[in-house]
Amino acid sequence: MNKKERLEKIRRFVNDFEIGTQEEIVTYLRQSGIKATQATVSRDIKELGIVKTPLKNNTYIYEIPKSVSSSLKLAENTILEASSLGNMINLNLVPGSTAVIKRQITEAFSEKIFSIITDDDSILMILKDKEDISRILDVIENW
C-alpha cells in the first residue's frame with residue numbers, strides 16, 4: 001500500500017472513532033494489512049494536520065481540524081466560562097485547548113478583534129468595538 005492510501009486510512013479512522021494514541025492508529029493499520037511504525041504514524045499525523053484535542057474529562061483525542069461551522073462540538077466541549085468587561089471577552093477553557101479555540105475565534109471574528117492573548121487555559125479577546133461583545137458571546141455560548 002502506498003503513502004496516499006495509508007494517509008487516507010488514518011484520516012478516516014480518526015474521523016470515525018475517538019482515537020487517543022498513535023499506538024491505536026498503528027494497531028488499526030496493522031489490522032488493515034498495513035505495516036507502519038509509530039514514527040511513520042507520527043509523521044503522517046503531522047502531514048494530515050491532525051491535532052490532539054483536550055476534552056472536559058481530562059482525556060485527549062486526535063481530530064482533523066474542520067471549518068468553524070463543522071467543528072463547533074470542539075468549542076462546546078472545551079469552553080468552561082465566558083465573561084466580558086468593557087471591550088474585552090475572557091474565556092476560561094480546558095487546559096491545553098487554547099490554540100484550537102483561538103483559531104476558531106480568529107476565523108469567525110477576525111474583523112472584529114483588535115488582539116487576542118492566550119495562555120494554557122484562557123483567552124482574552126480585545127475587541128475593536130464593545131458593541132460587538134453581546135453578539136460574539138451569543139455565538140460562542142451557542143457553540
# chains A, B, ... in the order shown; residues from 1 in each chain; ligands from 1
>>> residues_around(residues="Leu29 of chain A", least_positions_apart="6", cutoff="12 Å", atoms="only C-alpha atoms", output="PyMOL selection string")
chain A and resi 1+5-14+22-23+35-38+40-41
>>> write_last_selection(atoms="N, CA, C and O atoms", output="CSV table (one decimal), in the first residue's frame")
chain,number,residue,atom,x,y,z
A,1,MET,N,0.8,-1.2,0.0
A,1,MET,CA,0.0,0.0,0.0
A,1,MET,C,0.9,1.2,0.0
A,1,MET,O,1.9,1.3,0.7
A,5,GLU,N,-2.6,6.0,0.2
A,5,GLU,CA,-3.7,5.1,0.8
A,5,GLU,C,-3.6,5.0,2.3
A,5,GLU,O,-4.6,5.0,3.0
A,6,ARG,N,-2.3,5.0,2.8
A,6,ARG,CA,-2.2,5.0,4.3
A,6,ARG,C,-2.7,6.2,4.9
A,6,ARG,O,-3.4,6.2,6.0
A,7,LEU,N,-2.4,7.4,4.4
A,7,LEU,CA,-2.9,8.6,4.9
A,7,LEU,C,-4.4,8.7,4.9
A,7,LEU,O,-5.0,9.2,5.8
A,8,GLU,N,-5.0,8.2,3.8
A,8,GLU,CA,-6.5,8.2,3.7
A,8,GLU,C,-7.1,7.2,4.8
A,8,GLU,O,-8.1,7.6,5.4
A,9,LYS,N,-6.4,6.1,5.1
A,9,LYS,CA,-6.9,5.2,6.1
A,9,LYS,C,-6.8,5.9,7.5
A,9,LYS,O,-7.8,5.8,8.3
A,10,ILE,N,-5.7,6.6,7.7
A,10,ILE,CA,-5.6,7.3,9.0
A,10,ILE,C,-6.6,8.3,9.2
A,10,ILE,O,-7.3,8.5,10.2
A,11,ARG,N,-6.8,9.1,8.1
A,11,ARG,CA,-7.8,10.2,8.1
A,11,ARG,C,-9.2,9.7,8.4
A,11,ARG,O,-9.9,10.2,9.3
A,12,ARG,N,-9.6,8.6,7.8
A,12,ARG,CA,-10.9,8.0,8.0
A,12,ARG,C,-11.0,7.5,9.4
A,12,ARG,O,-12.1,7.6,10.1
A,13,PHE,N,-10.0,6.8,9.9
A,13,PHE,CA,-10.0,6.2,11.2
A,13,PHE,C,-10.2,7.3,12.3
A,13,PHE,O,-11.0,7.2,13.2
A,14,VAL,N,-9.4,8.4,12.2
A,14,VAL,CA,-9.5,9.5,13.1
A,14,VAL,C,-10.9,10.2,13.1
A,14,VAL,O,-11.4,10.6,14.1
A,22,GLN,N,-1.2,7.3,19.2
A,22,GLN,CA,-0.6,6.8,18.0
A,22,GLN,C,-0.6,5.3,17.9
A,22,GLN,O,-0.7,4.8,16.8
A,23,GLU,N,-0.4,4.7,19.0
A,23,GLU,CA,-0.4,3.2,19.0
A,23,GLU,C,-1.7,2.6,18.5
A,23,GLU,O,-1.7,1.6,17.9
A,35,LYS,N,1.7,-2.1,7.2
A,35,LYS,CA,2.8,-2.1,8.2
A,35,LYS,C,3.2,-0.6,8.3
A,35,LYS,O,3.6,0.0,7.3
A,36,ALA,N,3.2,-0.1,9.5
A,36,ALA,CA,3.7,1.2,9.8
A,36,ALA,C,4.2,1.3,11.2
A,36,ALA,O,3.6,0.7,12.1
A,37,THR,N,5.3,2.0,11.4
A,37,THR,CA,5.8,2.2,12.8
A,37,THR,C,5.2,3.4,13.4
A,37,THR,O,4.5,4.3,12.7
A,38,GLN,N,5.3,3.6,14.7
A,38,GLN,CA,4.8,4.8,15.4
A,38,GLN,C,5.5,6.0,14.8
A,38,GLN,O,4.8,7.0,14.7
A,40,THR,N,6.4,6.6,11.8
A,40,THR,CA,5.8,6.9,10.5
A,40,THR,C,4.4,7.5,10.7
A,40,THR,O,4.0,8.5,10.1
A,41,VAL,N,3.7,6.9,11.7
A,41,VAL,CA,2.3,7.4,12.0
A,41,VAL,C,2.5,8.9,12.5
A,41,VAL,O,1.7,9.7,12.2
>>> select_by_dssp(residues="chain A", states="helix (DSSP H, G or I)", output="PyMOL selection string")
chain A and resi 3-16+22-31+38-48+68-70+72-78+98-112+130-141
>>> closest_residue(among="A:Ser84, A:Glu107, A:Val94, A:Lys56", to="Leu124 of chain A", atoms="only C-alpha atoms")
A:Ser84
>>> select_by_dssp(residues="segment 9-140 of chain A", states="strand (DSSP E or B)", output="number ranges by chain")
A: 51-54, 60-63, 79-85, 88-93, 113-118, 122-127
>>> write_last_selection(atoms="N, CA and C atoms", output="compact mmCIF listing (two decimals), in the first residue's frame")
# COMPACT_ATOMS: atom_id res chain seq x y z
N VAL A 51 -4.63 17.15 15.04
CA VAL A 51 -4.25 17.74 16.32
C VAL A 51 -4.83 16.91 17.46
N LYS A 52 -4.22 16.98 18.60
CA LYS A 52 -4.72 16.31 19.79
C LYS A 52 -5.56 17.33 20.55
N THR A 53 -6.82 16.99 20.76
CA THR A 53 -7.78 17.90 21.33
C THR A 53 -8.15 17.48 22.75
N PRO A 54 -8.02 18.39 23.72
CA PRO A 54 -8.42 18.04 25.09
C PRO A 54 -9.93 18.08 25.25
N TYR A 60 -7.66 13.16 25.90
CA TYR A 60 -7.34 13.80 24.63
C TYR A 60 -7.70 12.85 23.50
N ILE A 61 -8.17 13.42 22.41
CA ILE A 61 -8.42 12.63 21.21
C ILE A 61 -7.80 13.33 20.01
N TYR A 62 -7.47 12.55 19.00
CA TYR A 62 -6.99 13.13 17.76
C TYR A 62 -8.18 13.62 16.95
N GLU A 63 -7.98 14.75 16.28
CA GLU A 63 -9.04 15.31 15.45
C GLU A 63 -8.42 16.01 14.25
N ILE A 79 -14.91 25.11 26.22
CA ILE A 79 -15.14 26.42 26.83
C ILE A 79 -15.92 26.22 28.13
N LEU A 80 -15.28 26.57 29.24
CA LEU A 80 -15.90 26.37 30.55
C LEU A 80 -16.69 27.59 31.01
N GLU A 81 -16.20 28.79 30.65
CA GLU A 81 -16.85 30.02 31.10
C GLU A 81 -16.48 31.16 30.16
N ALA A 82 -17.43 32.04 29.91
CA ALA A 82 -17.20 33.23 29.10
C ALA A 82 -17.72 34.44 29.86
N SER A 83 -16.91 35.51 29.91
CA SER A 83 -17.34 36.74 30.58
C SER A 83 -16.78 37.93 29.83
N SER A 84 -17.33 39.11 30.11
CA SER A 84 -16.86 40.31 29.41
C SER A 84 -16.71 41.48 30.38
N LEU A 85 -15.87 42.44 29.95
CA LEU A 85 -15.65 43.67 30.70
C LEU A 85 -15.20 44.71 29.69
N MET A 88 -13.63 43.81 26.23
CA MET A 88 -12.86 42.56 26.32
C MET A 88 -13.77 41.38 26.65
N ILE A 89 -13.39 40.23 26.12
CA ILE A 89 -14.05 38.96 26.44
C ILE A 89 -12.99 38.02 26.97
N ASN A 90 -13.29 37.37 28.09
CA ASN A 90 -12.37 36.38 28.65
C ASN A 90 -13.04 35.01 28.59
N LEU A 91 -12.31 34.02 28.09
CA LEU A 91 -12.80 32.65 28.04
C LEU A 91 -11.91 31.78 28.92
N ASN A 92 -12.51 31.02 29.82
CA ASN A 92 -11.78 30.01 30.59
C ASN A 92 -12.03 28.67 29.91
N LEU A 93 -10.94 27.95 29.65
CA LEU A 93 -11.01 26.73 28.84
C LEU A 93 -10.40 25.54 29.55
N ILE A 113 -11.79 41.79 15.99
CA ILE A 113 -10.83 41.65 17.08
C ILE A 113 -9.62 42.56 16.88
N PHE A 114 -9.27 43.28 17.95
CA PHE A 114 -8.05 44.09 17.95
C PHE A 114 -6.85 43.21 18.29
N SER A 115 -6.99 42.37 19.33
CA SER A 115 -5.90 41.50 19.75
C SER A 115 -6.46 40.33 20.56
N ILE A 116 -5.67 39.24 20.57
CA ILE A 116 -6.01 38.07 21.37
C ILE A 116 -4.78 37.67 22.17
N ILE A 117 -4.97 37.44 23.46
CA ILE A 117 -3.89 36.97 24.34
C ILE A 117 -4.31 35.62 24.89
N THR A 118 -3.42 34.62 24.79
CA THR A 118 -3.77 33.30 25.28
C THR A 118 -2.69 32.76 26.21
N SER A 122 -6.79 29.95 29.08
CA SER A 122 -7.68 31.11 28.93
C SER A 122 -7.32 31.90 27.68
N ILE A 123 -8.34 32.63 27.20
CA ILE A 123 -8.18 33.51 26.05
C ILE A 123 -8.78 34.85 26.44
N LEU A 124 -8.03 35.91 26.20
CA LEU A 124 -8.53 37.27 26.38
C LEU A 124 -8.61 37.91 25.01
N MET A 125 -9.82 38.27 24.59
CA MET A 125 -10.03 38.95 23.32
C MET A 125 -10.28 40.43 23.60
N ILE A 126 -9.55 41.27 22.92
CA ILE A 126 -9.78 42.70 22.99
C ILE A 126 -10.43 43.09 21.66
N LEU A 127 -11.65 43.57 21.75
CA LEU A 127 -12.41 43.88 20.54
C LEU A 127 -12.22 45.33 20.12
>>> closest_residue(among="A:Arg135, A:Ile64, A:Ile25, A:Arg103", to="Glu47 of chain A", atoms="only C-alpha atoms")
A:Ile64
>>> atom_distance(atom1="atom CA of Ser32 of chain A", atom2="atom CA of Thr59 of chain A")
26.1 Å
>>> residues_around(residues="Asp120 of chain A", least_positions_apart="4", cutoff="8 Å", atoms="only C-alpha atoms", output="JSON, numbers by chain")
{"A": [95, 96, 97, 98]}
>>> closest_residue(among="A:Pro65, A:Glu18, A:Ile140, A:Ile45", to="Thr78 of chain A", atoms="only C-alpha atoms")
A:Ile140
